[in-house]
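Q: So here's entry_21.cif, just mmCIF, C-alpha atoms:
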data_target
#
loop_
_atom_site.group_PDB
_atom_site.id
_atom_site.type_symbol
_atom_site.label_atom_id
_atom_site.label_comp_id
_atom_site.auth_asym_id
_atom_site.auth_seq_id
_atom_site.Cartn_x
_atom_site.Cartn_y
_atom_site.Cartn_z
ATOM 1 C CA MET A 1 89.208 105.402 90.600
ATOM 2 C CA ASP A 2 91.600 106.279 93.336
ATOM 3 C CA PRO A 3 93.773 103.196 94.024
ATOM 4 C CA VAL A 4 93.163 103.530 97.766
ATOM 5 C CA ILE A 5 89.385 103.719 97.327
ATOM 6 C CA ALA A 6 89.476 100.875 94.800
ATOM 7 C CA GLU A 7 91.309 98.734 97.333
ATOM 8 C CA GLN A 8 88.782 99.635 100.032
ATOM 9 C CA LEU A 9 86.023 98.496 97.689
ATOM 10 C CA GLY A 10 87.828 95.224 97.069
ATOM 11 C CA LEU A 11 88.790 96.117 93.494
ATOM 12 C CA SER A 12 92.216 96.169 91.925
ATOM 13 C CA TYR A 13 93.173 99.450 90.287
ATOM 14 C CA ASP A 14 92.928 97.796 86.861
ATOM 15 C CA ALA A 15 89.440 96.467 87.604
ATOM 16 C CA ALA A 16 88.278 99.863 88.869
ATOM 17 C CA HIS A 17 89.802 101.598 85.836
ATOM 18 C CA HIS A 18 88.096 99.171 83.468
ATOM 19 C CA GLN A 19 84.777 99.671 85.255
ATOM 20 C CA TRP A 20 85.181 103.473 85.070
ATOM 21 C CA GLN A 21 85.855 103.284 81.325
ATOM 22 C CA GLY A 22 82.655 101.310 80.883
ATOM 23 C CA TYR A 23 80.679 103.948 82.781
ATOM 24 C CA CYS A 24 82.150 106.710 80.634
ATOM 25 C CA GLU A 25 81.404 104.862 77.412
ATOM 26 C CA ALA A 26 77.816 104.248 78.522
ATOM 27 C CA ALA A 27 77.444 107.939 79.399
ATOM 28 C CA GLY A 28 79.154 109.076 76.211
ATOM 29 C CA VAL A 29 81.833 111.091 78.003
ATOM 30 C CA GLU A 30 85.608 111.106 77.920
ATOM 31 C CA ILE A 31 86.887 111.686 81.421
ATOM 32 C CA ASP A 32 90.029 109.890 82.434
ATOM 33 C CA ILE A 33 89.923 108.347 85.882
ATOM 34 C CA HIS A 34 92.974 110.380 86.874
ATOM 35 C CA GLN A 35 91.156 113.605 85.901
ATOM 36 C CA LEU A 36 88.409 112.588 88.293
ATOM 37 C CA ARG A 37 90.995 112.115 91.044
ATOM 38 C CA HIS A 38 92.493 115.564 90.389
ATOM 39 C CA ALA A 39 89.085 117.221 90.304
ATOM 40 C CA HIS A 40 88.086 115.546 93.545
ATOM 41 C CA ALA A 41 91.270 116.609 95.345
ATOM 42 C CA THR A 42 90.990 120.172 94.067
ATOM 43 C CA GLU A 43 87.345 120.379 95.071
ATOM 44 C CA LEU A 44 88.165 119.164 98.578
ATOM 45 C CA ILE A 45 90.985 121.675 98.997
ATOM 46 C CA ASN A 46 88.886 124.534 97.604
ATOM 47 C CA ALA A 47 86.156 123.567 100.079
ATOM 48 C CA GLY A 48 88.600 123.978 102.957
ATOM 49 C CA VAL A 49 89.429 120.346 103.695
ATOM 50 C CA SER A 50 92.875 120.134 105.267
ATOM 51 C CA ILE A 51 95.876 119.074 103.210
ATOM 52 C CA GLU A 52 96.430 116.197 105.640
ATOM 53 C CA ALA A 53 92.904 114.867 105.140
ATOM 54 C CA VAL A 54 93.262 115.095 101.352
ATOM 55 C CA ARG A 55 96.712 113.460 101.526
ATOM 56 C CA ARG A 56 95.257 110.521 103.394
ATOM 57 C CA ARG A 57 92.293 110.293 101.042
ATOM 58 C CA LEU A 58 94.587 110.124 98.018
ATOM 59 C CA GLY A 59 97.090 107.798 99.659
ATOM 60 C CA HIS A 60 100.050 110.147 99.187
ATOM 61 C CA ALA A 61 103.109 109.457 101.315
ATOM 62 C CA SER A 62 103.968 113.146 101.519
ATOM 63 C CA THR A 63 101.908 116.303 101.858
ATOM 64 C CA GLU A 64 104.283 117.877 99.321
ATOM 65 C CA THR A 65 102.663 115.756 96.616
ATOM 66 C CA THR A 66 99.212 116.815 97.764
ATOM 67 C CA ARG A 67 100.197 120.493 97.846
ATOM 68 C CA LEU A 68 100.282 120.463 94.039
ATOM 69 C CA TYR A 69 96.487 120.535 94.125
ATOM 70 C CA THR A 70 96.514 123.821 96.025
ATOM 71 C CA LEU A 71 98.130 125.541 93.045
ATOM 72 C CA LEU A 72 95.035 125.068 90.906
ATOM 73 C CA ASN A 73 92.793 128.040 91.533
ATOM 74 C CA ASP A 74 89.049 128.133 91.078
ATOM 75 C CA ASP A 75 89.230 129.812 87.662
ATOM 76 C CA VAL A 76 91.390 127.015 86.272
ATOM 77 C CA ALA A 77 89.244 124.337 87.860
ATOM 78 C CA ASP A 78 86.080 125.970 86.500
ATOM 79 C CA ALA A 79 87.600 126.151 83.018
ATOM 80 C CA GLU A 80 88.469 122.454 83.148
ATOM 81 C CA ILE A 81 84.965 121.553 84.265
ATOM 82 C CA ARG A 82 83.405 123.677 81.503
ATOM 83 C CA ALA A 83 85.685 122.016 78.927
ATOM 84 C CA ALA A 84 84.667 118.553 80.153
ATOM 85 C CA ARG A 85 81.005 119.497 79.935
ATOM 86 C CA ARG A 86 81.473 120.815 76.396
ATOM 87 C CA ARG A 87 83.096 117.520 75.385
ATOM 88 C CA ARG A 88 80.209 115.659 76.981
ATOM 89 C CA ASP A 89 77.625 117.807 75.219
ATOM 90 C CA ARG A 90 79.353 117.394 71.835
ATOM 91 C CA ALA A 91 79.487 113.638 72.306
ATOM 92 C CA GLY A 92 75.743 113.585 73.046
ATOM 93 C CA ARG A 93 74.801 115.059 69.677
#
So that I can check it, write out the structure of this file as structure tokens.
A:
Amino acid sequence: MDPVIAEQLGLSYDAAHHQWQGYCEAAGVEIDIHQLRHAHATELINAGVSIEAVRRRLGHASTETTRLYTLLNDDVADAEIRAARRRRDRAGR
């Protein structure tokens, strides 16, 4: 979970991370919490949300850090999502 969101929910990052791992184990998927953060930021940017809004959401001090997410095009993002789904489907067998 995003450290900023975790804090807003009253959770430490470690507590949120532990909770996320439990959810993934229960669902039989392997998705790192940081992958979720990257996917969320990329999805927001691809949907046209401003860099400044995404920067604030992620808690970055600089928009330069957030700009890294703009380099990931839709084809790459789609490939990552398909790969995660394949891992999920294999784990469900």
Q: Atom CA of His34 of chain A to atom CA of Leu11 of chain A: how many Å, to one decimal?
A: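 According to the coordinates, atom CA of His34 of chain A and atom CA of Leu11 of chain A are separated by 16.3 Å.
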Q: Which of these, A:Asp14, A:Val29, A:Glu43, A:Thr70, has the shortest distance to Arg85 of chain A once you count all atoms listed in the file?
A: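 Under the stated criterion, the closest residue is A:Val29.
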Q: Is there a way to get, as a list of chain:residue names, all residues within 12 Å of the point (92.5, 115.9, 103.9) in file coordinates, counting all atoms listed in the file?
A: A:His40, A:Ala41, A:Thr42, A:Glu43, A:Leu44, A:Ile45, A:Asn46, A:Ala47, A:Gly48, A:Val49, A:Ser50, A:Ile51, A:Glu52, A:Ala53, A:Val54, A:Arg55, A:Arg56, A:Arg57, A:Leu58, A:Gly59, A:His60, A:Thr63, A:Thr66, A:Arg67, A:Tyr69, A:Thr70
Q: Any chance you can output those residues with C-alpha atoms as a short mmCIF file (atom, residue, chain, number, x, y, z; two decimals), in the coordinates of the input?
A:
data_model
loop_
_atom_site.label_atom_id
_atom_site.label_comp_id
_atom_site.auth_asym_id
_atom_site.auth_seq_id
_atom_site.Cartn_x
_atom_site.Cartn_y
_atom_site.Cartn_z
CA HIS A 40 88.09 115.55 93.54
CA ALA A 41 91.27 116.61 95.34
CA THR A 42 90.99 120.17 94.07
CA GLU A 43 87.34 120.38 95.07
CA LEU A 44 88.16 119.16 98.58
CA ILE A 45 90.98 121.68 99.00
CA ASN A 46 88.89 124.53 97.60
CA ALA A 47 86.16 123.57 100.08
CA GLY A 48 88.60 123.98 102.96
CA VAL A 49 89.43 120.35 103.70
CA SER A 50 92.88 120.13 105.27
CA ILE A 51 95.88 119.07 103.21
CA GLU A 52 96.43 116.20 105.64
CA ALA A 53 92.90 114.87 105.14
CA VAL A 54 93.26 115.10 101.35
CA ARG A 55 96.71 113.46 101.53
CA ARG A 56 95.26 110.52 103.39
CA ARG A 57 92.29 110.29 101.04
CA LEU A 58 94.59 110.12 98.02
CA GLY A 59 97.09 107.80 99.66
CA HIS A 60 100.05 110.15 99.19
CA THR A 63 101.91 116.30 101.86
CA THR A 66 99.21 116.82 97.76
CA ARG A 67 100.20 120.49 97.85
CA TYR A 69 96.49 120.54 94.12
CA THR A 70 96.51 123.82 96.02
#
Q: Kindly indicate which residue among A:Ala61, A:Ile31, A:Ala16, A:Ala39 lies nearest to Asp78 of chain A, using only C-alpha atoms for the distances.
A: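 Selected residue with least distance to Asp78 of chain A: A:Ala39.
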Q: Work out how far atom CA of Cys24 of chain A is from atom CA of Ile81 of chain A, in Å to one decimal.
A: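 Those two atoms sit 15.5 Å apart.
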Q: With the file shown as input, list the residues that the PyMOL selection byres ((chain A and resi 32) around 12) selects, as a list in words.
A: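 Checking the PyMOL selection byres ((chain A and resi 32) around 12) against this file, the residues are Met1, Asp2, His17, His18, Gln19, Trp20, Gln21, Gly22, Tyr23, Cys24, Glu25, Val29, Glu30, Ile31, Ile33, His34, Gln35, Leu36, Arg37, His38, Ala39 and Ala84 of chain A.
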Q: Between A:Ala79, A:Leu68, A:Ala27, A:Ala15, which one has atoms that come closest to Ala91 of chain A, using all atoms listed in the file?
A: A:Ala27
Q: Please indicate the distance in Å from atom CA of Arg82 of chain A to atom CA of Glu64 of chain A, rounded to one decimal place.
A: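 Separation of atom CA of Arg82 of chain A and atom CA of Glu64 of chain A: 28.1 Å.
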